[in-house]
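Below you'll find the structure, written out as structure tokens, and then a few comments.
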Amino acid sequence: MQINDKYSPQEIESKWYEYWIEQDYFHSTPDHREAYTVVIPPPNVTGMLHMGHMLNNTIQDVLVRRARMLGKNACWVPGTDHASIATEAKVVAKLKAEGIDKSTLTREEFLKHAWEWKDKHGGIILNQLRKLGASCDWERTAFTMDDDLSSSVIKVFIDLHKKGKIYRGVRMVNWDPSAKTALSDEEVIYKESQGKLYYLKYMIEGSDKYIVVATTRPETILGDTALCVNPNDERYADMDGKRVIVPLINRSIPIIKDDYVDIEFGTGALKVTPAHDVNDYMLGEKYNLEVIDIFNDNGTINDKVGMYEGLDRFVLRDQIEKDLATANLLEKVEPYTNKVGCSERTGAPIEPKLSMQWFLQMEELAKPALTAVMDDVVKLVPAKFKNTYKHWMENVKDWCISRQLWWGQQIPAYYLPKGGYVVAETEEEALELAKQKSGDSNLTISDLRRDEDVLDTWFSSWLWPISVFNGINEPENSDIQYYYPTNDLVTAPDILFFWVARMIVAGYEYRGEKPFSNVYFTGIVRDKQRRKMSKQLGNSPDPIDLIAEYGADGVRVAMMLCSSAGSDLMFEDSLCEQGRNFSNKVWNAYRLVNGWSVDTTIEQPESSKIAIEWFNALLNKTIAEVDDNFKDYRISEALMTLYKLFWDEFSGWYLEMIKPAYQAPIDSKTLAQTKEIFEKLMSLLHPFMPFITEELWQDISPREKGESIMVSLQPVTSEFNQELLQEFDIVKDVVTSIRNIRKEKNLPNKETLELKVIPDSNYNDTYNAVITKMANITSIESVTDKDITAAAFIVKTTEYFIPLGDKIDVESELKKLNEELVYLEGFLRSVMGKLNNERFVQNAPAKVLDTENAKKDDSEAKIKAIKERISQLS
RNA sequence: GGGAGUAUAGCUCAGCUGGUUCAGAGCAUCUGCCUUACAAGCAGAGGGUCCUUGGUUCGAAUCCAUGUACUCCCACCA
């Protein structure tokens with residue numbers, strides 16, 4: 001497309017992405033430069049791109065592209081996570097839709113289906129990232145179940161087991177009856193749920209009296225093995241040694257006393273079900289109670305009790321309520337709101353369940369990881385997350401790492417026929433170990449039974465920054481040596497514990513070093529009503545549609561403008577308009593510059609010289625600001641700074657200053673310098689808007705094949721003339737004042753005006769050329785007396801006049817002057833109030849005193865000038 | 001139940017260690033303009049008790065305390 005056409009992002013974006021790929025700019029290999037490494041938070045293999053990814057990956061791309069343009073060897077490793085529960089659930093559902101039940105398949109058959117699924121859907125999200133312009137090193141694309149990564153996981157498991165950090169045991173775990181697997185504590189989310197509180201009658205054995213017990217889960221009476229009251233509860237003082245009968249079940253259970261029970265709650269009596277409640281389990285251990293597990297893995301009732309067998313737990317709850325009522329054992333039912341733990345992945349209510357699982361001891365491992373964050377060796381941005389992190393790490397619990405699933409890394413534990421197990425990387429090693437352990441040299445592989453479980457997904461992703469560089473299998477390889485530790489991690493705060501904390505732990509355990517230097521937490525993308533964007537609510541736009549409508553550059557700019565670290569962002573489609581409008585502005589500014597014809601015989605006008613000098617100073621100042629913003633990860637501010645620089649300063653002021661008259665040519669020097677400036681502006685904007693900046697950069701001057709803005713260097717800041725910038729603010733004020741007068745007096749811009757000035761210390765005629773050009777002034781004449789027939793204005797302390805003959809309205813002029821006078825006098829009074837206050841003069845630092853004195857002088861001078869003009873006019 | 005955070009213009013937010021970057025920005029709104037790069041634009045304008053109440057200070061949006069309102073995290077209350 002031609003540059004003088006309208007801006008149309010669709011036409012340029014795919015072209016440049018292909019070019020970048022073809023030129024292999026994204027790929028990084030170790031060299032002499034400083035490495036800058038980012039590993040992507042691997043999205044779920046079956047995921048689709050949503051607004052959260054959009055935000056997250058835009059930030060990463062901005063950081064990576066900028067680092068690359070700062071001369072670093074930037075490497076952004078992309079990849080996906082196998083997400084064992086989520087993916088397995090999807091595959092199971094898909095098979096079910098085809099009429100295949102998972103239980104009829106062998107492990108191998110199921111995994112075949114799962115891999116097919118992965119191959120079919122696994123690449124979608126990464127392809128979507130390309131549309132966004134993500135400059136990932138695609139040749140390094142990793143998947144958490146790639147051979148290298150899987151063997152890393154297994155090695156680490158074996159190593160931790162060898163170190164005695166991994167143990168196997170029966171514990172109360174969070175059971176997901178839908179996925180039929182254990183979950184870690186972090187995978188349980190608590191939701192408010194409107195339920196009921198049931199008051200059940202437990203008859204006292206050998207008596208017609210009863211004790212009422214309040215419970216939210218009456219179905220668990222099947223597993224009741226005691227009734228517990230507080231020893232200090234007088235209502236139950238005479239219950240020592242007595243027993244009660246479990247309603248409906250007619251089992252006799254003891255009454256025990258423990259101060260765990262809250263006297264205030266319900267009736268002060270607690271039913272104890274050690275198999276199905278964590279607290280009850282602890283009571284059970286303490287008082288040596290029988291444990292009756294009443295559920296099957298899928299949440300239906302088993303045959304242990306011999307009643308209600310096969311019923312689902314929630315069906316049973318209603319059934320029990322009816323049966324209790326019929327038997328007159330239900331005193332009452334109250335509405336009750338409580339928190340119910342649900343599976344993060346499947347949403348199913350969690351069932352606390354006793355089962356044999358594998359655990360990782362975290363306490364010791366967590367120590368270096370805690371110190372690292374507290375000492376800012378790993379810096380969290382924003383820092384408020386340090387508190388949360390500290391609290392979690394100091395109270396870290398053992399990590400349940402086994403899952404009763406097939407999709408994932410299978411635990412490398414092999415059970416011996418006569419009890420005991422060995423842990424080994426291969427079957428052959430396992431056999432050797434087994435022979436040693438059992439003393440039976442005739443053992444064969446088929447005698448060993450491998451543990452069925454797989455490892456928690458996070459047990460593979462916690463190695464991500466190491467395993468993508470194969471740093472577990474080959475700890476000395478050149479990639480890991482060069483790229484590790486990585487620099488920035490960009491992620492959402494909801495996986496701080498799942499992932500970030502554990503990566504830091506693994507980093508210290510397996511590399512003896514932090515995995516990254518900075519963690520940038522993005523906010524959560526919400527809609528206008530502050531609701532989290534989600535598929536179910538249907539309030540999330542499809543990012544691909546947005547890109548199609550506004551262009552990737554436009555969407556990127558929109559996201560970056562409204563996102564500061566750690567705070568949520570309220571997104572709506574219309575925000576993209578701002579991004580697209582800005583792209584359009586950039587495009588059109590280039591069209592203007594590009595459309596000028598050059599005349600090498602004309603001299604460079606004075607106004608252009610000044611404009612270039614001024615803009616270069618401003619550019620330097622802005623680059624320094626942007627550098628600072630990036631240093632503090634204030635990315636949206638960096639962009640806003642550049643946005644204003646380009647729109648207001650460059651387009652609004654600079655281009656207007658150097659713009660030749662209609663169809664007139666421009667001098668070659670100004671054009672060349674302007675193109676240079678334009679190029680720098682493109683470089684500065686490139687990390688945010690990669691496509692349009694490449695397109696224009698390529699067009700500015702002929703480029704060789706193989707050149708690209710993305711591998712060019714960022715402009716660097718240098719000394720700039722601070723005074724020039726301040727003086728220019730005065731120039732702008734003068735121009736604006738003249739524009740205001742034009743507006744008031746209805747004078748069209750085309751009509752030329754004369755300007756008179758009474759020079760004083762704040763006046764500098766260097767800039768007259770600029771003023772005349774910008775405000776369409778014919779001449780600026782220095783005078784000594786006020787022109788009372790002219791429209792007047794004061795900038796700083798300098799008085800200006802525009803002779804308008806009879807066009808000025810003395811009445812309204814006086815009114816305005818008086819208003820201004822009142823304001824200035826009030827202002828002066830407050831300044832004088834400070835200066836006359838002895839304590840202020842004594843305590844305030846010299847700098848503050850100076851400014852106050854300057855304020856005083858300026859306003860006094862202004863007041864004097866206004867008073868004079870008032871007296872002349874009236 | 002414990003902990004943390006936030007409250008500034010209609011909206012989204014800046015405002016670092018109290019003082020000319022102190023009341024700001026962008027968007028939105030309003031008023032003029034189809035001015036020869038751009039109406040996805042240009043030129044202007046309006047808009048805030050800096051959540052309440054106290055305190056510290058010569059001086060508070062900024063520091064301290066109290067209250068209020070939201071948000072998030074953690075926790076085994078049946």
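FYI, nothing fancy with the structure tokens labels: chains A, B, ... in order, residues from 1 per chain, ligands from 1 as they appear.
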### Message
I need the residues of range 597-771 of chain A that end up classed as alpha helix (DSSP H) by DSSP on the backbone, written out as number ranges by chain.
### Response
A: 606-631, 635-644, 655-658, 668-685, 690-700, 722-744, 768-771
### Query
Mind listing as JSON, numbers by chain which residues of chain A are within 7 Å of chain B, counting only C-alpha atoms (C1' of nucleotides)?
{"A": [215, 270, 278, 279, 388, 562, 581, 584, 585, 588, 589, 591, 592, 662, 837, 839, 840, 848, 851]}
Store the residues picked out above, limited to N, CA, C and O atoms, as a PDB file, in the first residue's frame.
ATOM      1  N   THR A 215     -25.651 -29.206  61.791  1.00  0.00           N
ATOM      2  CA  THR A 215     -24.659 -29.536  60.765  1.00  0.00           C
ATOM      3  C   THR A 215     -25.138 -29.024  59.411  1.00  0.00           C
ATOM      4  O   THR A 215     -26.334 -28.894  59.170  1.00  0.00           O
ATOM      5  N   LEU A 270     -21.098 -31.115  68.441  1.00  0.00           N
ATOM      6  CA  LEU A 270     -20.529 -31.343  67.116  1.00  0.00           C
ATOM      7  C   LEU A 270     -20.520 -32.826  66.809  1.00  0.00           C
ATOM      8  O   LEU A 270     -20.119 -33.646  67.642  1.00  0.00           O
ATOM      9  N   VAL A 278     -11.610 -32.240  57.909  1.00  0.00           N
ATOM     10  CA  VAL A 278     -10.235 -32.134  58.364  1.00  0.00           C
ATOM     11  C   VAL A 278     -10.153 -32.030  59.888  1.00  0.00           C
ATOM     12  O   VAL A 278      -9.333 -32.680  60.525  1.00  0.00           O
ATOM     13  N   ASN A 279     -11.042 -31.232  60.470  1.00  0.00           N
ATOM     14  CA  ASN A 279     -11.004 -31.067  61.922  1.00  0.00           C
ATOM     15  C   ASN A 279     -11.419 -32.336  62.635  1.00  0.00           C
ATOM     16  O   ASN A 279     -10.856 -32.717  63.646  1.00  0.00           O
ATOM     17  N   THR A 388       2.092 -10.555  50.986  1.00  0.00           N
ATOM     18  CA  THR A 388       1.353 -11.789  50.727  1.00  0.00           C
ATOM     19  C   THR A 388       2.316 -12.958  50.606  1.00  0.00           C
ATOM     20  O   THR A 388       2.096 -14.028  51.166  1.00  0.00           O
ATOM     21  N   CYS A 562      -3.933   1.705  29.693  1.00  0.00           N
ATOM     22  CA  CYS A 562      -4.800   1.659  30.879  1.00  0.00           C
ATOM     23  C   CYS A 562      -4.354   0.629  31.903  1.00  0.00           C
ATOM     24  O   CYS A 562      -5.112   0.236  32.758  1.00  0.00           O
ATOM     25  N   ASN A 581      -6.731   5.544  16.825  1.00  0.00           N
ATOM     26  CA  ASN A 581      -6.598   6.960  16.478  1.00  0.00           C
ATOM     27  C   ASN A 581      -5.147   7.414  16.544  1.00  0.00           C
ATOM     28  O   ASN A 581      -4.697   8.210  15.729  1.00  0.00           O
ATOM     29  N   ASN A 584      -3.347   6.173  13.604  1.00  0.00           N
ATOM     30  CA  ASN A 584      -3.747   7.004  12.474  1.00  0.00           C
ATOM     31  C   ASN A 584      -3.005   8.345  12.470  1.00  0.00           C
ATOM     32  O   ASN A 584      -2.579   8.833  11.425  1.00  0.00           O
ATOM     33  N   LYS A 585      -2.833   8.878  13.671  1.00  0.00           N
ATOM     34  CA  LYS A 585      -2.127  10.150  13.799  1.00  0.00           C
ATOM     35  C   LYS A 585      -0.685  10.003  13.306  1.00  0.00           C
ATOM     36  O   LYS A 585      -0.171  10.835  12.557  1.00  0.00           O
ATOM     37  N   ASN A 588      -0.592   9.699   9.520  1.00  0.00           N
ATOM     38  CA  ASN A 588      -0.835  10.939   8.810  1.00  0.00           C
ATOM     39  C   ASN A 588       0.300  11.938   8.956  1.00  0.00           C
ATOM     40  O   ASN A 588       0.583  12.705   8.033  1.00  0.00           O
ATOM     41  N   ALA A 589       0.932  11.914  10.124  1.00  0.00           N
ATOM     42  CA  ALA A 589       2.088  12.799  10.291  1.00  0.00           C
ATOM     43  C   ALA A 589       3.151  12.421   9.269  1.00  0.00           C
ATOM     44  O   ALA A 589       3.784  13.269   8.649  1.00  0.00           O
ATOM     45  N   ARG A 591       2.582  10.953   6.411  1.00  0.00           N
ATOM     46  CA  ARG A 591       2.090  11.358   5.080  1.00  0.00           C
ATOM     47  C   ARG A 591       2.469  12.803   4.786  1.00  0.00           C
ATOM     48  O   ARG A 591       2.846  13.157   3.671  1.00  0.00           O
ATOM     49  N   LEU A 592       2.331  13.648   5.787  1.00  0.00           N
ATOM     50  CA  LEU A 592       2.665  15.059   5.603  1.00  0.00           C
ATOM     51  C   LEU A 592       4.138  15.204   5.229  1.00  0.00           C
ATOM     52  O   LEU A 592       4.483  15.806   4.220  1.00  0.00           O
ATOM     53  N   TYR A 662       1.509  25.870   1.455  1.00  0.00           N
ATOM     54  CA  TYR A 662       0.846  24.876   0.619  1.00  0.00           C
ATOM     55  C   TYR A 662       1.559  24.719  -0.728  1.00  0.00           C
ATOM     56  O   TYR A 662       1.776  25.686  -1.440  1.00  0.00           O
ATOM     57  N   ASN A 837       5.792  35.665  57.655  1.00  0.00           N
ATOM     58  CA  ASN A 837       5.745  34.771  58.807  1.00  0.00           C
ATOM     59  C   ASN A 837       7.176  34.377  59.197  1.00  0.00           C
ATOM     60  O   ASN A 837       7.872  33.684  58.474  1.00  0.00           O
ATOM     61  N   ARG A 839       8.370  32.353  61.338  1.00  0.00           N
ATOM     62  CA  ARG A 839       8.657  30.923  61.491  1.00  0.00           C
ATOM     63  C   ARG A 839       8.857  30.258  60.130  1.00  0.00           C
ATOM     64  O   ARG A 839       9.682  29.371  59.981  1.00  0.00           O
ATOM     65  N   PHE A 840       8.087  30.737  59.136  1.00  0.00           N
ATOM     66  CA  PHE A 840       8.264  30.200  57.795  1.00  0.00           C
ATOM     67  C   PHE A 840       9.651  30.536  57.280  1.00  0.00           C
ATOM     68  O   PHE A 840      10.378  29.676  56.793  1.00  0.00           O
ATOM     69  N   VAL A 848      12.814  26.908  48.792  1.00  0.00           N
ATOM     70  CA  VAL A 848      11.408  27.295  48.885  1.00  0.00           C
ATOM     71  C   VAL A 848      11.294  28.809  49.025  1.00  0.00           C
ATOM     72  O   VAL A 848      10.444  29.448  48.402  1.00  0.00           O
ATOM     73  N   THR A 851      11.772  30.504  45.637  1.00  0.00           N
ATOM     74  CA  THR A 851      10.616  30.455  44.744  1.00  0.00           C
ATOM     75  C   THR A 851       9.528  31.403  45.238  1.00  0.00           C
ATOM     76  O   THR A 851       8.854  32.048  44.436  1.00  0.00           O
TER      77      THR A 851
END
### Task
With a distance cut-off of 10 Å and only C-alpha atoms (C1' of nucleotides), select the neighbouring residues of A7 in chain B, excluding the residue or stretch itself and same-chain residues fewer than 3 positions from it, and output the selection as a PyMOL selection string.
chain B and resi 50-51+69-70
### Task
Tell me, in Å to one decimal, how far CA of Tyr510 in chain A is from CA of Ile466 in chain A.
8.3 Å
### Message
As an exercise, work out the distance from CA of Gly133 in chain A to CA of Asp5 in chain A in Å and give it to one decimal place.
### Response
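Computing it gives 22.9 Å between the two atoms.
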### Query
Between CA of Val734 in chain A and CA of Asp765 in chain A, what is the spacing in Å?
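Interatomic distance here is 12.3 Å.
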### Task
Considering only C-alpha atoms (C1' of nucleotides), return as a list in words whatever protein or nucleic-acid residues lie within 8 Å of range 233-237 of chain A, sequence-local ones (same chain, fewer than 3 positions apart) excluded.
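So, after excluding close chain neighbours, the residues are Val229, Asn230, Asp240, Ile263 and Gly268 of chain A.
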### Query
So which residues touch Met145 in chain A within 9 Å, counting only C-alpha atoms (C1' of nucleotides), skipping near sequence neighbours fewer than 3 positions away, as a ChimeraX atom specification?
/A:81-82,142,148-151,408-409,460
Please produce a file of the residues just selected, as a PDB file, in the first residue's frame, where the atoms kept are N, CA, C and O atoms.
ATOM      1  N   ASP A  81       1.532 -25.312  28.533  1.00  0.00           N
ATOM      2  CA  ASP A  81       1.503 -26.165  29.709  1.00  0.00           C
ATOM      3  C   ASP A  81       0.490 -27.283  29.471  1.00  0.00           C
ATOM      4  O   ASP A  81      -0.586 -27.042  28.931  1.00  0.00           O
ATOM      5  N   HIS A  82       0.830 -28.485  29.905  1.00  0.00           N
ATOM      6  CA  HIS A  82      -0.086 -29.601  29.620  1.00  0.00           C
ATOM      7  C   HIS A  82      -1.348 -29.561  30.475  1.00  0.00           C
ATOM      8  O   HIS A  82      -2.344 -30.167  30.138  1.00  0.00           O
ATOM      9  N   ALA A 142       8.411 -24.518  23.742  1.00  0.00           N
ATOM     10  CA  ALA A 142       8.495 -25.677  24.628  1.00  0.00           C
ATOM     11  C   ALA A 142       7.099 -26.083  25.092  1.00  0.00           C
ATOM     12  O   ALA A 142       6.157 -25.301  25.048  1.00  0.00           O
ATOM     13  N   ASP A 148      12.474 -33.597  26.987  1.00  0.00           N
ATOM     14  CA  ASP A 148      13.449 -32.983  27.887  1.00  0.00           C
ATOM     15  C   ASP A 148      12.805 -32.481  29.171  1.00  0.00           C
ATOM     16  O   ASP A 148      13.350 -32.611  30.254  1.00  0.00           O
ATOM     17  N   LEU A 149      11.647 -31.869  28.991  1.00  0.00           N
ATOM     18  CA  LEU A 149      10.993 -31.275  30.152  1.00  0.00           C
ATOM     19  C   LEU A 149      10.443 -32.350  31.078  1.00  0.00           C
ATOM     20  O   LEU A 149      10.548 -32.244  32.295  1.00  0.00           O
ATOM     21  N   SER A 150       9.893 -33.403  30.475  1.00  0.00           N
ATOM     22  CA  SER A 150       9.382 -34.500  31.294  1.00  0.00           C
ATOM     23  C   SER A 150      10.504 -35.193  32.050  1.00  0.00           C
ATOM     24  O   SER A 150      10.372 -35.494  33.238  1.00  0.00           O
ATOM     25  N   SER A 151      11.602 -35.422  31.361  1.00  0.00           N
ATOM     26  CA  SER A 151      12.687 -36.128  32.064  1.00  0.00           C
ATOM     27  C   SER A 151      13.257 -35.229  33.161  1.00  0.00           C
ATOM     28  O   SER A 151      13.710 -35.712  34.194  1.00  0.00           O
ATOM     29  N   GLY A 408       0.014 -36.474  32.179  1.00  0.00           N
ATOM     30  CA  GLY A 408       1.036 -35.810  32.964  1.00  0.00           C
ATOM     31  C   GLY A 408       2.228 -36.732  33.126  1.00  0.00           C
ATOM     32  O   GLY A 408       2.297 -37.788  32.487  1.00  0.00           O
ATOM     33  N   GLN A 409       3.180 -36.312  33.962  1.00  0.00           N
ATOM     34  CA  GLN A 409       4.346 -37.168  34.183  1.00  0.00           C
ATOM     35  C   GLN A 409       4.021 -38.201  35.253  1.00  0.00           C
ATOM     36  O   GLN A 409       3.687 -37.850  36.389  1.00  0.00           O
ATOM     37  N   SER A 460       5.681 -29.600  37.194  1.00  0.00           N
ATOM     38  CA  SER A 460       6.518 -29.423  35.999  1.00  0.00           C
ATOM     39  C   SER A 460       6.743 -27.940  35.703  1.00  0.00           C
ATOM     40  O   SER A 460       7.835 -27.533  35.321  1.00  0.00           O
TER      41      SER A 460
END
Spatial neighbours of A61 in chain B, 12 Å, only C-alpha atoms (C1' of nucleotides), chain gap at least 5 places, as a PDB file with C-alpha atoms (C1' of nucleotides), in the first residue's frame:
ATOM      1  C1'   A B   7     -10.505   6.111  48.258  1.00  0.00           C
ATOM      2  C1'   U B   8      -8.018  12.660  43.956  1.00  0.00           C
ATOM      3  C1'   G B  15       1.064  12.763  42.249  1.00  0.00           C
ATOM      4  C1'   G B  18       5.360  17.216  53.546  1.00  0.00           C
ATOM      5  C1'   C B  22       0.228  20.904  43.712  1.00  0.00           C
ATOM      6  C1'   A B  23      -4.420  20.354  42.675  1.00  0.00           C
ATOM      7  C1'   G B  24      -2.464  17.156  37.343  1.00  0.00           C
ATOM      8  C1'   G B  48     -12.394  18.289  42.171  1.00  0.00           C
ATOM      9  C1'   U B  49     -14.516  19.741  50.201  1.00  0.00           C
ATOM     10  C1'   C B  50      -7.871  15.416  47.045  1.00  0.00           C
ATOM     11  C1'   C B  51     -13.770   9.883  51.473  1.00  0.00           C
TER      12        C B  51
END
### Task
Using only C-alpha atoms (C1' of nucleotides), find the one residue out of A:Gln663, A:Arg530, A:Pro759, A:Ala791 that sits nearest to U71 in chain B.
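The closest residue to U71 in chain B is A:Arg530.
Residue nearest Ile480 in chain A within the list A:Thr522, A:Thr37, A:Gln578, A:Gln410: A:Thr37 [criterion: smallest interatomic distance, only C-alpha atoms].
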### Task
Determine the nearest neighbour of Ala179 in chain A from the options A:Ala413, A:Ala661, A:Leu405, A:Val156, counting only C-alpha atoms.
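Using only C-alpha atoms, the shortest distance to Ala179 in chain A belongs to A:Leu405.
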### Task
Could you please write out, as a ChimeraX atom specification, every residue of range 547-698 of chain A that DSSP assigns to strand (DSSP E or B)?
/A:569-570,598-599,666-667
Write a file of the just-selected residues containing N, CA, C and O atoms, as a PDB file, in the first residue's frame.
ATOM      1  N   LEU A 569      -7.635  -3.650  35.348  1.00  0.00           N
ATOM      2  CA  LEU A 569      -8.005  -2.655  34.362  1.00  0.00           C
ATOM      3  C   LEU A 569      -9.392  -2.924  33.821  1.00  0.00           C
ATOM      4  O   LEU A 569      -9.791  -4.048  33.574  1.00  0.00           O
ATOM      5  N   MET A 570     -10.116  -1.845  33.717  1.00  0.00           N
ATOM      6  CA  MET A 570     -11.485  -1.915  33.230  1.00  0.00           C
ATOM      7  C   MET A 570     -11.423  -1.741  31.717  1.00  0.00           C
ATOM      8  O   MET A 570     -11.124  -0.653  31.226  1.00  0.00           O
ATOM      9  N   VAL A 598      11.444  18.631  -2.186  1.00  0.00           N
ATOM     10  CA  VAL A 598      12.637  19.313  -1.687  1.00  0.00           C
ATOM     11  C   VAL A 598      13.150  20.301  -2.717  1.00  0.00           C
ATOM     12  O   VAL A 598      13.155  20.024  -3.912  1.00  0.00           O
ATOM     13  N   ASP A 599      13.569  21.428  -2.240  1.00  0.00           N
ATOM     14  CA  ASP A 599      14.273  22.373  -3.101  1.00  0.00           C
ATOM     15  C   ASP A 599      15.619  22.648  -2.448  1.00  0.00           C
ATOM     16  O   ASP A 599      15.700  23.283  -1.404  1.00  0.00           O
ATOM     17  N   ILE A 666      10.249  22.252   0.577  1.00  0.00           N
ATOM     18  CA  ILE A 666      10.941  22.430   1.850  1.00  0.00           C
ATOM     19  C   ILE A 666      12.438  22.394   1.575  1.00  0.00           C
ATOM     20  O   ILE A 666      12.880  21.808   0.574  1.00  0.00           O
ATOM     21  N   ASP A 667      13.218  23.042   2.422  1.00  0.00           N
ATOM     22  CA  ASP A 667      14.663  22.996   2.241  1.00  0.00           C
ATOM     23  C   ASP A 667      15.186  21.633   2.650  1.00  0.00           C
ATOM     24  O   ASP A 667      14.610  20.956   3.511  1.00  0.00           O
TER      25      ASP A 667
END
### Long-range neighbours of Gly122 in chain A as a VMD selection string, 12 Å cut-off, only C-alpha atoms (C1' of nucleotides), 3 positions minimum in chain
chain A and resid 42 to 49 79 to 83 87 114 to 119 125 to 128 141 to 145
### Task
Have a look at A:Ser152, A:Asn174, A:Asn338, A:Ser534 and name the one nearest to Glu425 in chain A; count only C-alpha atoms.
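Going through A:Ser152, A:Asn174, A:Asn338, A:Ser534 one by one, the smallest distance to Glu425 in chain A is for A:Ser152.
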